[in-house]
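A.B. asks: As input, take my_file.cif (mmCIF, C-alpha atoms):
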data_input
#
loop_
_atom_site.group_PDB
_atom_site.id
_atom_site.type_symbol
_atom_site.label_atom_id
_atom_site.label_comp_id
_atom_site.auth_asym_id
_atom_site.auth_seq_id
_atom_site.Cartn_x
_atom_site.Cartn_y
_atom_site.Cartn_z
ATOM 1 C CA MET F 9 -34.441 -27.185 -45.534
ATOM 2 C CA ASN F 10 -33.325 -30.805 -45.995
ATOM 3 C CA SER F 11 -30.527 -29.922 -48.427
ATOM 4 C CA GLU F 12 -29.819 -26.436 -47.155
ATOM 5 C CA LYS F 13 -27.504 -25.472 -44.350
ATOM 6 C CA ILE F 14 -28.755 -23.555 -41.324
ATOM 7 C CA ARG F 15 -26.657 -20.380 -41.433
ATOM 8 C CA VAL F 16 -25.652 -19.654 -37.843
ATOM 9 C CA MET F 17 -24.037 -16.714 -36.062
ATOM 10 C CA LEU F 18 -22.559 -16.931 -32.550
ATOM 11 C CA VAL F 19 -22.566 -14.019 -30.100
ATOM 12 C CA ASP F 20 -20.763 -14.146 -26.726
ATOM 13 C CA ASP F 21 -18.310 -11.855 -24.964
ATOM 14 C CA GLU F 22 -16.503 -14.829 -23.393
ATOM 15 C CA PRO F 23 -13.936 -16.285 -25.858
ATOM 16 C CA LEU F 24 -13.946 -19.702 -24.163
ATOM 17 C CA ALA F 25 -17.735 -19.964 -24.276
ATOM 18 C CA LEU F 26 -17.693 -18.928 -27.934
ATOM 19 C CA ARG F 27 -15.060 -21.543 -28.745
ATOM 20 C CA GLY F 28 -16.880 -24.258 -26.807
ATOM 21 C CA LEU F 29 -20.188 -23.621 -28.571
ATOM 22 C CA LYS F 30 -18.443 -23.557 -31.949
ATOM 23 C CA LEU F 31 -16.814 -26.932 -31.239
ATOM 24 C CA ARG F 32 -20.122 -28.494 -30.224
ATOM 25 C CA LEU F 33 -21.884 -27.164 -33.319
ATOM 26 C CA GLN F 34 -19.286 -28.862 -35.515
ATOM 27 C CA ASN F 35 -21.078 -32.115 -34.676
ATOM 28 C CA PHE F 36 -24.107 -30.901 -36.638
ATOM 29 C CA PRO F 37 -23.462 -31.208 -40.405
ATOM 30 C CA GLU F 38 -26.594 -29.195 -41.190
ATOM 31 C CA VAL F 39 -25.114 -26.131 -39.438
ATOM 32 C CA GLU F 40 -22.870 -23.590 -41.154
ATOM 33 C CA ILE F 41 -21.280 -20.998 -38.848
ATOM 34 C CA ILE F 42 -21.056 -17.771 -40.840
ATOM 35 C CA GLY F 43 -19.830 -15.422 -38.125
ATOM 36 C CA GLU F 44 -18.807 -14.829 -34.518
ATOM 37 C CA CYS F 45 -19.337 -11.644 -32.519
ATOM 38 C CA ALA F 46 -17.878 -10.595 -29.174
ATOM 39 C CA ASN F 47 -20.476 -7.979 -28.200
ATOM 40 C CA GLY F 48 -24.011 -6.815 -28.841
ATOM 41 C CA ARG F 49 -23.262 -3.824 -31.061
ATOM 42 C CA GLU F 50 -21.084 -5.910 -33.343
ATOM 43 C CA ALA F 51 -23.833 -8.535 -33.433
ATOM 44 C CA VAL F 52 -26.490 -6.073 -34.625
ATOM 45 C CA LYS F 53 -24.198 -4.866 -37.412
ATOM 46 C CA GLU F 54 -23.252 -8.379 -38.545
ATOM 47 C CA ILE F 55 -26.801 -9.755 -38.357
ATOM 48 C CA LYS F 56 -28.082 -6.955 -40.567
ATOM 49 C CA ALA F 57 -25.174 -7.410 -42.981
ATOM 50 C CA HIS F 58 -25.272 -11.210 -43.336
ATOM 51 C CA SER F 59 -28.880 -12.228 -42.488
ATOM 52 C CA PRO F 60 -28.199 -15.502 -40.634
ATOM 53 C CA ASP F 61 -31.005 -18.024 -40.178
ATOM 54 C CA LEU F 62 -30.211 -18.574 -36.516
ATOM 55 C CA VAL F 63 -28.271 -16.680 -33.837
ATOM 56 C CA PHE F 64 -26.980 -18.195 -30.602
ATOM 57 C CA LEU F 65 -27.003 -15.112 -28.410
ATOM 58 C CA ASP F 66 -25.494 -14.638 -24.951
ATOM 59 C CA ILE F 67 -27.798 -12.642 -22.670
ATOM 60 C CA GLN F 68 -25.286 -11.102 -20.273
ATOM 61 C CA MET F 69 -22.846 -8.912 -22.179
ATOM 62 C CA PRO F 70 -21.391 -5.492 -21.325
ATOM 63 C CA GLY F 71 -22.927 -2.564 -23.190
ATOM 64 C CA LEU F 72 -25.709 -3.915 -25.379
ATOM 65 C CA ASP F 73 -26.943 -7.201 -23.886
ATOM 66 C CA GLY F 74 -28.772 -10.020 -25.649
ATOM 67 C CA PHE F 75 -32.216 -8.514 -25.143
ATOM 68 C CA GLY F 76 -30.892 -5.215 -26.497
ATOM 69 C CA VAL F 77 -29.740 -6.986 -29.652
ATOM 70 C CA VAL F 78 -33.251 -8.364 -30.204
ATOM 71 C CA ARG F 79 -34.807 -4.925 -29.610
ATOM 72 C CA ALA F 80 -32.376 -3.400 -32.114
ATOM 73 C CA MET F 81 -33.736 -5.750 -34.803
ATOM 74 C CA ILE F 82 -37.301 -4.438 -34.516
ATOM 75 C CA GLY F 83 -38.405 -3.250 -37.943
ATOM 76 C CA ALA F 84 -35.653 -5.190 -39.737
ATOM 77 C CA PRO F 85 -35.653 -8.787 -41.022
ATOM 78 C CA ALA F 86 -34.665 -10.801 -37.951
ATOM 79 C CA PRO F 87 -33.271 -14.322 -37.593
ATOM 80 C CA LEU F 88 -34.337 -16.942 -35.105
ATOM 81 C CA PHE F 89 -32.716 -16.419 -31.696
ATOM 82 C CA VAL F 90 -31.556 -19.025 -29.186
ATOM 83 C CA PHE F 91 -30.479 -17.347 -25.966
ATOM 84 C CA VAL F 92 -27.496 -18.806 -24.142
ATOM 85 C CA THR F 93 -27.194 -17.936 -20.453
ATOM 86 C CA ALA F 94 -25.464 -19.046 -17.286
ATOM 87 C CA TYR F 95 -28.589 -18.133 -15.311
ATOM 88 C CA ASP F 96 -31.837 -20.065 -15.599
ATOM 89 C CA LYS F 97 -33.797 -17.081 -14.227
ATOM 90 C CA TYR F 98 -33.513 -15.374 -17.615
ATOM 91 C CA ALA F 99 -35.648 -18.041 -19.294
ATOM 92 C CA ILE F 100 -38.959 -16.212 -18.931
ATOM 93 C CA ASP F 101 -37.514 -12.943 -20.245
ATOM 94 C CA ALA F 102 -35.985 -14.896 -23.121
ATOM 95 C CA PHE F 103 -39.318 -16.234 -24.273
ATOM 96 C CA GLU F 104 -41.003 -12.871 -23.795
ATOM 97 C CA ALA F 105 -38.394 -11.539 -26.235
ATOM 98 C CA ASN F 106 -39.689 -14.107 -28.762
ATOM 99 C CA ALA F 107 -36.666 -16.378 -28.582
ATOM 100 C CA LEU F 108 -36.971 -19.728 -30.318
ATOM 101 C CA ASP F 109 -35.304 -21.375 -27.323
ATOM 102 C CA TYR F 110 -32.834 -20.820 -24.499
ATOM 103 C CA ILE F 111 -29.903 -22.913 -23.325
ATOM 104 C CA VAL F 112 -28.280 -22.780 -19.901
ATOM 105 C CA LYS F 113 -24.472 -22.899 -19.740
ATOM 106 C CA PRO F 114 -22.586 -25.183 -19.772
ATOM 107 C CA VAL F 115 -24.222 -26.254 -23.025
ATOM 108 C CA GLU F 116 -25.267 -29.900 -23.077
ATOM 109 C CA GLU F 117 -25.154 -31.900 -26.314
ATOM 110 C CA GLU F 118 -28.777 -33.074 -26.081
ATOM 111 C CA ARG F 119 -30.042 -29.584 -25.271
ATOM 112 C CA LEU F 120 -28.192 -28.184 -28.270
ATOM 113 C CA LYS F 121 -29.628 -30.943 -30.451
ATOM 114 C CA ASP F 122 -33.121 -29.969 -29.327
ATOM 115 C CA ALA F 123 -32.498 -26.290 -30.165
ATOM 116 C CA ILE F 124 -31.184 -27.171 -33.632
ATOM 117 C CA HIS F 125 -34.240 -29.334 -34.242
ATOM 118 C CA ARG F 126 -36.558 -26.496 -33.245
ATOM 119 C CA ALA F 127 -34.694 -24.170 -35.585
ATOM 120 C CA ARG F 128 -34.982 -26.622 -38.462
ATOM 121 C CA GLU F 129 -38.726 -27.015 -37.928
ATOM 122 C CA ALA F 130 -39.247 -23.253 -37.598
ATOM 123 C CA LEU F 131 -37.260 -22.585 -40.765
ATOM 124 C CA LYS F 132 -39.276 -25.187 -42.663
ATOM 125 C CA SER F 133 -42.419 -23.337 -41.638
ATOM 126 C CA LYS F 134 -40.872 -20.005 -42.656
ATOM 127 C CA VAL F 135 -39.816 -21.386 -46.046
ATOM 128 C CA ALA F 136 -43.352 -22.689 -46.623
ATOM 129 C CA SER F 137 -44.751 -19.277 -45.692
ATOM 130 C CA ASP F 138 -42.305 -17.494 -48.009
ATOM 131 C CA ARG F 139 -43.253 -19.776 -50.887
ATOM 132 C CA GLU F 140 -46.922 -19.089 -50.227
ATOM 133 C CA SER F 141 -46.242 -15.340 -50.335
ATOM 134 C CA LYS F 142 -44.483 -15.655 -53.707
ATOM 135 C CA LEU F 143 -47.364 -17.717 -55.082
ATOM 136 C CA ILE F 144 -49.840 -15.082 -53.884
ATOM 137 C CA GLU F 145 -47.839 -12.330 -55.570
ATOM 138 C CA MET F 146 -47.938 -14.256 -58.847
ATOM 139 C CA LEU F 147 -51.686 -14.854 -58.622
ATOM 140 C CA ALA F 148 -52.222 -11.177 -57.801
ATOM 141 C CA SER F 149 -51.372 -10.252 -61.373
ATOM 142 C CA LEU F 150 -54.463 -12.039 -62.714
ATOM 143 C CA SER F 151 -57.001 -9.333 -61.909
ATOM 144 C CA ASP F 152 -57.790 -6.385 -59.643
ATOM 145 C CA ASP F 153 -60.404 -8.464 -57.812
ATOM 146 C CA ASP F 154 -57.838 -11.181 -57.142
ATOM 147 C CA ARG F 155 -55.383 -8.585 -55.836
ATOM 148 C CA ASP F 156 -57.947 -7.147 -53.426
ATOM 149 C CA ARG F 157 -58.869 -10.576 -52.116
ATOM 150 C CA ILE F 158 -55.221 -11.471 -51.600
ATOM 151 C CA LYS F 159 -54.649 -8.270 -49.639
ATOM 152 C CA GLU F 160 -57.580 -9.219 -47.405
ATOM 153 C CA LEU F 161 -56.019 -12.622 -46.764
ATOM 154 C CA ILE F 162 -52.607 -11.182 -45.948
ATOM 155 C CA ASN F 163 -54.124 -8.682 -43.534
ATOM 156 C CA ASP F 164 -56.305 -11.314 -41.865
ATOM 157 C CA PRO F 165 -54.639 -12.023 -38.488
ATOM 158 C CA THR F 166 -56.121 -15.511 -38.302
ATOM 159 C CA TRP F 167 -54.505 -16.380 -41.656
ATOM 160 C CA THR F 168 -51.074 -15.059 -40.702
ATOM 161 C CA GLU F 169 -51.209 -16.604 -37.221
ATOM 162 C CA GLN F 170 -51.802 -20.048 -38.695
ATOM 163 C CA GLN F 171 -48.382 -19.895 -40.374
ATOM 164 C CA ARG F 172 -46.629 -19.738 -36.966
ATOM 165 C CA TYR F 173 -47.643 -23.055 -35.510
ATOM 166 C CA SER F 174 -46.071 -26.412 -36.256
ATOM 167 C CA GLU F 175 -47.991 -29.691 -36.243
ATOM 168 C CA ARG F 176 -44.987 -31.399 -34.690
ATOM 169 C CA LEU F 177 -43.388 -30.140 -31.484
ATOM 170 C CA SER F 178 -40.336 -31.207 -29.505
ATOM 171 C CA PHE F 179 -39.954 -31.070 -25.726
ATOM 172 C CA LYS F 180 -37.076 -32.051 -23.478
ATOM 173 C CA ASP F 181 -38.253 -34.536 -20.842
ATOM 174 C CA GLY F 182 -35.349 -35.272 -18.513
ATOM 175 C CA SER F 183 -32.431 -36.574 -20.581
ATOM 176 C CA LYS F 184 -34.496 -37.293 -23.688
ATOM 177 C CA VAL F 185 -36.252 -35.214 -26.328
ATOM 178 C CA VAL F 186 -39.900 -36.149 -26.893
ATOM 179 C CA MET F 187 -41.544 -35.508 -30.249
ATOM 180 C CA LEU F 188 -45.317 -35.007 -30.184
ATOM 181 C CA THR F 189 -47.853 -34.006 -32.784
ATOM 182 C CA ALA F 190 -50.197 -31.229 -31.694
ATOM 183 C CA ASP F 191 -53.132 -33.628 -31.976
ATOM 184 C CA GLU F 192 -51.575 -36.005 -29.419
ATOM 185 C CA ILE F 193 -51.520 -33.369 -26.674
ATOM 186 C CA GLU F 194 -54.638 -33.621 -24.480
ATOM 187 C CA TRP F 195 -53.934 -31.023 -21.830
ATOM 188 C CA ILE F 196 -51.073 -29.277 -20.035
ATOM 189 C CA ASP F 197 -50.900 -28.248 -16.406
ATOM 190 C CA ALA F 198 -48.319 -26.629 -14.162
ATOM 191 C CA ALA F 199 -46.450 -28.345 -11.343
ATOM 192 C CA GLY F 200 -44.317 -25.730 -9.642
ATOM 193 C CA ASP F 201 -41.555 -24.661 -12.019
ATOM 194 C CA TYR F 202 -42.380 -27.493 -14.425
ATOM 195 C CA MET F 203 -45.079 -28.208 -16.995
ATOM 196 C CA CYS F 204 -46.838 -31.573 -17.327
ATOM 197 C CA ILE F 205 -47.805 -32.432 -20.894
ATOM 198 C CA HIS F 206 -50.459 -35.173 -20.991
ATOM 199 C CA ALA F 207 -50.508 -37.053 -24.292
ATOM 200 C CA GLY F 208 -51.524 -40.559 -25.295
ATOM 201 C CA GLY F 209 -51.907 -41.762 -21.716
ATOM 202 C CA LYS F 210 -48.420 -40.541 -20.739
ATOM 203 C CA THR F 211 -47.267 -37.495 -18.797
ATOM 204 C CA HIS F 212 -44.099 -35.685 -19.889
ATOM 205 C CA ILE F 213 -42.423 -33.337 -17.390
ATOM 206 C CA ILE F 214 -40.654 -30.400 -18.999
ATOM 207 C CA ARG F 215 -38.916 -27.237 -17.816
ATOM 208 C CA GLU F 216 -40.784 -24.497 -19.665
ATOM 209 C CA THR F 217 -43.126 -21.649 -18.834
ATOM 210 C CA MET F 218 -46.874 -21.618 -19.433
ATOM 211 C CA LYS F 219 -46.472 -18.451 -21.484
ATOM 212 C CA ALA F 220 -43.812 -20.043 -23.688
ATOM 213 C CA LEU F 221 -46.049 -23.045 -24.351
ATOM 214 C CA GLU F 222 -48.949 -20.777 -25.300
ATOM 215 C CA HIS F 223 -46.700 -19.145 -27.904
ATOM 216 C CA ARG F 224 -45.878 -22.533 -29.427
ATOM 217 C CA LEU F 225 -49.451 -23.870 -29.576
ATOM 218 C CA ASP F 226 -52.170 -22.829 -32.015
ATOM 219 C CA PRO F 227 -54.820 -20.858 -30.041
ATOM 220 C CA ALA F 228 -57.459 -22.115 -32.457
ATOM 221 C CA ARG F 229 -56.947 -25.562 -30.885
ATOM 222 C CA PHE F 230 -55.411 -24.930 -27.467
ATOM 223 C CA GLN F 231 -57.098 -22.736 -24.877
ATOM 224 C CA ARG F 232 -56.085 -21.588 -21.405
ATOM 225 C CA VAL F 233 -58.895 -22.710 -19.071
ATOM 226 C CA HIS F 234 -57.183 -21.998 -15.779
ATOM 227 C CA ARG F 235 -54.203 -20.010 -14.560
ATOM 228 C CA SER F 236 -52.215 -23.234 -14.635
ATOM 229 C CA ALA F 237 -53.916 -25.306 -17.357
ATOM 230 C CA ILE F 238 -54.195 -25.422 -21.166
ATOM 231 C CA VAL F 239 -56.526 -27.852 -22.919
ATOM 232 C CA ASN F 240 -56.808 -29.181 -26.463
ATOM 233 C CA ILE F 241 -60.417 -28.229 -27.183
ATOM 234 C CA ASP F 242 -60.740 -31.096 -29.688
ATOM 235 C CA LYS F 243 -60.288 -33.509 -26.765
ATOM 236 C CA VAL F 244 -63.171 -32.078 -24.701
ATOM 237 C CA LYS F 245 -66.170 -34.428 -24.581
ATOM 238 C CA GLU F 246 -68.472 -32.731 -22.053
ATOM 239 C CA LEU F 247 -68.884 -29.370 -20.332
ATOM 240 C CA HIS F 248 -70.531 -29.308 -16.883
ATOM 241 C CA PRO F 249 -71.519 -25.995 -15.234
ATOM 242 C CA HIS F 250 -70.862 -25.527 -11.524
ATOM 243 C CA SER F 251 -72.887 -23.450 -9.080
ATOM 244 C CA ASN F 252 -70.096 -20.934 -8.417
ATOM 245 C CA GLY F 253 -69.794 -19.924 -12.072
ATOM 246 C CA GLU F 254 -66.979 -22.346 -12.872
ATOM 247 C CA TYR F 255 -67.206 -25.266 -15.286
ATOM 248 C CA PHE F 256 -65.759 -28.754 -15.376
ATOM 249 C CA LEU F 257 -64.428 -30.144 -18.640
ATOM 250 C CA ILE F 258 -64.560 -33.890 -19.226
ATOM 251 C CA LEU F 259 -62.000 -35.061 -21.771
ATOM 252 C CA GLU F 260 -62.307 -38.039 -24.099
ATOM 253 C CA ASN F 261 -59.981 -40.063 -21.852
ATOM 254 C CA GLY F 262 -62.163 -39.362 -18.799
ATOM 255 C CA SER F 263 -59.905 -36.737 -17.229
ATOM 256 C CA GLU F 264 -61.662 -33.811 -15.526
ATOM 257 C CA LEU F 265 -60.365 -30.229 -15.646
ATOM 258 C CA LYS F 266 -61.704 -27.095 -14.012
ATOM 259 C CA LEU F 267 -62.469 -24.052 -16.164
ATOM 260 C CA SER F 268 -62.184 -21.081 -13.818
ATOM 261 C CA ARG F 269 -64.456 -18.033 -13.878
ATOM 262 C CA SER F 270 -61.541 -15.900 -15.078
ATOM 263 C CA TYR F 271 -61.620 -17.813 -18.373
ATOM 264 C CA LYS F 272 -65.395 -18.142 -18.767
ATOM 265 C CA GLU F 273 -65.252 -16.559 -22.250
ATOM 266 C CA VAL F 274 -63.661 -19.835 -23.391
ATOM 267 C CA VAL F 275 -67.013 -21.573 -22.791
ATOM 268 C CA ALA F 276 -68.256 -20.157 -26.099
ATOM 269 C CA ARG F 277 -65.651 -22.274 -27.899
ATOM 270 C CA PHE F 278 -67.462 -25.433 -26.779
ATOM 271 C CA LEU F 279 -71.032 -24.342 -27.570
#
Once you've parsed the file, please lay out its structure as structure tokens.
C.D. replies:
Amino acid sequence: MNSEKIRVMLVDDEPLALRGLKLRLQNFPEVEIIGECANGREAVKEIKAHSPDLVFLDIQMPGLDGFGVVRAMIGAPAPLFVFVTAYDKYAIDAFEANALDYIVKPVEEERLKDAIHRAREALKSKVASDRESKLIEMLASLSDDDRDRIKELINDPTWTEQQRYSERLSFKDGSKVVMLTADEIEWIDAAGDYMCIHAGGKTHIIRETMKALEHRLDPARFQRVHRSAIVNIDKVKELHPHSNGEYFLILENGSELKLSRSYKEVVARFL
């Protein structure tokens, strides 16, 4: 993706919002705007016709709204979506619709920069996955046994899931964007409407949902141990049972987390 442009389409029923987003995106040389749409139905048609890499999609539109556009792409090759909304309450629905990110209007430069970075990283991962698929298709011609084995790999959910997760993640912490490797993250817990990411002795406060974070982190390494906590299982040093059926996890840095009875099946991951 280093030398390739990110092909972007903009969708918003407000002409001023569309123009403002277009002007801001002109500050990103890696972005190429290939189309603009004023409503959801037009967006579906243009997305299918031009196959953009990334779509900035307004949620509230008359007729077919942003979520309707995403639903209309089911079964067809779909781009990455960044939802743009004037209402923060739509964030959870946005992530449940598998959006790459969401931005609250008015669009801030740093927030847009973060979304573009996420798109670039996601597209790198997709390109790597596509290349792997082409290599597999070539190897499949060697023999029938090879072809059968390759089909098993493709149909293996653990193999396909591994392609989704990046080793490097970005989070907005206040006015800055923090870049962390997955290995740096020790645990994550909720604090009201915010998430606290504990990594390398520091705590980063971000505005994101627990569910959205679970989607971004590899479940082979990160496990929910409480309604409001996720832990990097590689950072767990000790597991202590409690009399009421709960457990306490002791991390390498000495931190102690509770593993609730509702998540007791996770205990097997440590044994």
A.B. asks: As a check of understanding, name the residues that the PyMOL selection byres ((chain F and resi 267-278) around 8) selects in the supplied structure, as a list in words.
C.D. replies: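 That expression, the PyMOL selection byres ((chain F and resi 267-278) around 8), corresponds here to Gln231, Arg232, Val233, His234, Ile241, Leu247, Gly253, Glu254, Tyr255, Phe256, Leu257, Leu265, Lys266 and Leu279 of chain F.
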A.B. asks: Just how far from atom CA of F:Lys113 is atom CA of F:Ala84, in Å to one decimal?
C.D. replies: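 According to the coordinates, atom CA of F:Ala84 and atom CA of F:Lys113 are separated by 29.0 Å.
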A.B. asks: Could you list the residues chosen by the PyMOL selection byres ((chain F and resi 71) around 9) in this structure as a PyMOL selection string?
C.D. replies: chain F and resi 47-49+69-70+72-73
A.B. asks: Write to file, as a short mmCIF file (atom, residue, chain, number, x, y, z; two decimals), in the coordinates of the input, the residues of the selection just made, with C-alpha atoms.
C.D. replies:
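To be explicit, this is the file written out as selection-v4.cif:
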data_model
loop_
_atom_site.label_atom_id
_atom_site.label_comp_id
_atom_site.auth_asym_id
_atom_site.auth_seq_id
_atom_site.Cartn_x
_atom_site.Cartn_y
_atom_site.Cartn_z
CA ASN F 47 -20.48 -7.98 -28.20
CA GLY F 48 -24.01 -6.82 -28.84
CA ARG F 49 -23.26 -3.82 -31.06
CA MET F 69 -22.85 -8.91 -22.18
CA PRO F 70 -21.39 -5.49 -21.32
CA LEU F 72 -25.71 -3.92 -25.38
CA ASP F 73 -26.94 -7.20 -23.89
#
A.B. asks: Would you work out the distance separating atom CA of F:His125 from atom CA of F:Val52, expressed in Å to one decimal?
C.D. replies: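 Atom CA of F:Val52 lies 24.5 Å from atom CA of F:His125.
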A.B. asks: For the structure provided, state which residues fall under the PyMOL selection byres ((chain F and resi 202-207) around 10), and present them as a compact mmCIF listing (two decimals) with C-alpha atoms, in the coordinates of the input.
C.D. replies:
# COMPACT_ATOMS: atom_id res chain seq x y z
CA PHE F 179 -39.95 -31.07 -25.73
CA ASP F 181 -38.25 -34.54 -20.84
CA LEU F 188 -45.32 -35.01 -30.18
CA THR F 189 -47.85 -34.01 -32.78
CA ALA F 190 -50.20 -31.23 -31.69
CA ASP F 191 -53.13 -33.63 -31.98
CA GLU F 192 -51.58 -36.01 -29.42
CA ILE F 193 -51.52 -33.37 -26.67
CA GLU F 194 -54.64 -33.62 -24.48
CA TRP F 195 -53.93 -31.02 -21.83
CA ILE F 196 -51.07 -29.28 -20.04
CA ASP F 197 -50.90 -28.25 -16.41
CA ALA F 198 -48.32 -26.63 -14.16
CA ALA F 199 -46.45 -28.34 -11.34
CA GLY F 200 -44.32 -25.73 -9.64
CA ASP F 201 -41.56 -24.66 -12.02
CA GLY F 208 -51.52 -40.56 -25.30
CA GLY F 209 -51.91 -41.76 -21.72
CA LYS F 210 -48.42 -40.54 -20.74
CA THR F 211 -47.27 -37.49 -18.80
CA HIS F 212 -44.10 -35.68 -19.89
CA ILE F 213 -42.42 -33.34 -17.39
CA ILE F 214 -40.65 -30.40 -19.00
CA ARG F 215 -38.92 -27.24 -17.82
CA GLU F 216 -40.78 -24.50 -19.66
CA THR F 217 -43.13 -21.65 -18.83
CA MET F 218 -46.87 -21.62 -19.43
CA LEU F 221 -46.05 -23.04 -24.35
CA SER F 236 -52.22 -23.23 -14.64
CA ALA F 237 -53.92 -25.31 -17.36
CA ILE F 238 -54.20 -25.42 -21.17
CA VAL F 239 -56.53 -27.85 -22.92
A.B. asks: Between atom CA of F:Ser133 and atom CA of F:Lys13, what is the distance, to one decimal in Å?
C.D. replies: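 Distance reported for this atom pair: 15.3 Å.
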A.B. asks: Using only C-alpha atoms, determine which residues lie at most 10 Å from stretch 59-66 of chain F, disregarding the query and same-chain residues fewer than 3 positions distant; provide the list as an mmCIF file with C-alpha atoms, keeping the file's coordinate frame.
C.D. replies:
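What ended up in around.cif:
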data_model
loop_
_atom_site.group_PDB
_atom_site.id
_atom_site.type_symbol
_atom_site.label_atom_id
_atom_site.label_comp_id
_atom_site.auth_asym_id
_atom_site.auth_seq_id
_atom_site.Cartn_x
_atom_site.Cartn_y
_atom_site.Cartn_z
ATOM 1 C CA LYS F 13 -27.504 -25.472 -44.350
ATOM 2 C CA ILE F 14 -28.755 -23.555 -41.324
ATOM 3 C CA ARG F 15 -26.657 -20.380 -41.433
ATOM 4 C CA VAL F 16 -25.652 -19.654 -37.843
ATOM 5 C CA MET F 17 -24.037 -16.714 -36.062
ATOM 6 C CA LEU F 18 -22.559 -16.931 -32.550
ATOM 7 C CA VAL F 19 -22.566 -14.019 -30.100
ATOM 8 C CA ASP F 20 -20.763 -14.146 -26.726
ATOM 9 C CA ASP F 21 -18.310 -11.855 -24.964
ATOM 10 C CA GLU F 22 -16.503 -14.829 -23.393
ATOM 11 C CA ALA F 25 -17.735 -19.964 -24.276
ATOM 12 C CA LEU F 26 -17.693 -18.928 -27.934
ATOM 13 C CA LEU F 29 -20.188 -23.621 -28.571
ATOM 14 C CA VAL F 39 -25.114 -26.131 -39.438
ATOM 15 C CA GLU F 40 -22.870 -23.590 -41.154
ATOM 16 C CA ILE F 41 -21.280 -20.998 -38.848
ATOM 17 C CA ILE F 42 -21.056 -17.771 -40.840
ATOM 18 C CA GLY F 43 -19.830 -15.422 -38.125
ATOM 19 C CA GLU F 44 -18.807 -14.829 -34.518
ATOM 20 C CA CYS F 45 -19.337 -11.644 -32.519
ATOM 21 C CA ALA F 46 -17.878 -10.595 -29.174
ATOM 22 C CA ASN F 47 -20.476 -7.979 -28.200
ATOM 23 C CA GLY F 48 -24.011 -6.815 -28.841
ATOM 24 C CA ALA F 51 -23.833 -8.535 -33.433
ATOM 25 C CA GLU F 54 -23.252 -8.379 -38.545
ATOM 26 C CA ILE F 55 -26.801 -9.755 -38.357
ATOM 27 C CA LYS F 56 -28.082 -6.955 -40.567
ATOM 28 C CA MET F 69 -22.846 -8.912 -22.179
ATOM 29 C CA ASP F 73 -26.943 -7.201 -23.886
ATOM 30 C CA GLY F 74 -28.772 -10.020 -25.649
ATOM 31 C CA PHE F 75 -32.216 -8.514 -25.143
ATOM 32 C CA VAL F 77 -29.740 -6.986 -29.652
ATOM 33 C CA VAL F 78 -33.251 -8.364 -30.204
ATOM 34 C CA PRO F 85 -35.653 -8.787 -41.022
ATOM 35 C CA ALA F 86 -34.665 -10.801 -37.951
ATOM 36 C CA PRO F 87 -33.271 -14.322 -37.593
ATOM 37 C CA LEU F 88 -34.337 -16.942 -35.105
ATOM 38 C CA PHE F 89 -32.716 -16.419 -31.696
ATOM 39 C CA VAL F 90 -31.556 -19.025 -29.186
ATOM 40 C CA PHE F 91 -30.479 -17.347 -25.966
ATOM 41 C CA VAL F 92 -27.496 -18.806 -24.142
ATOM 42 C CA THR F 93 -27.194 -17.936 -20.453
ATOM 43 C CA ALA F 94 -25.464 -19.046 -17.286
ATOM 44 C CA ALA F 107 -36.666 -16.378 -28.582
ATOM 45 C CA LEU F 108 -36.971 -19.728 -30.318
ATOM 46 C CA ASP F 109 -35.304 -21.375 -27.323
ATOM 47 C CA TYR F 110 -32.834 -20.820 -24.499
ATOM 48 C CA ILE F 111 -29.903 -22.913 -23.325
ATOM 49 C CA VAL F 112 -28.280 -22.780 -19.901
ATOM 50 C CA LYS F 113 -24.472 -22.899 -19.740
ATOM 51 C CA ALA F 123 -32.498 -26.290 -30.165
ATOM 52 C CA ILE F 124 -31.184 -27.171 -33.632
ATOM 53 C CA ALA F 127 -34.694 -24.170 -35.585
ATOM 54 C CA ARG F 128 -34.982 -26.622 -38.462
ATOM 55 C CA LEU F 131 -37.260 -22.585 -40.765
#
A.B. asks: Quick one: of F:Glu118, F:Glu260, F:Glu12, F:Glu50, who's nearest to F:Lys132, counting all atoms listed in the file?
C.D. replies: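 Checking each candidate against F:Lys132, we get F:Glu12 as the closest.
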A.B. asks: So which residues touch F:Arg32 within 8 Å, counting only C-alpha atoms, skipping near sequence neighbours fewer than 4 positions away, as a PyMOL selection string?
C.D. replies: chain F and resi 28+36+117
A.B. asks: Identify which of the residues F:Arg27, F:Lys53, F:Arg126, F:Lys245 lies closest to F:Val185, counting all atoms listed in the file when measuring atom-to-atom distances.
C.D. replies: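 Among the listed residues, F:Arg126 lies closest to F:Val185.
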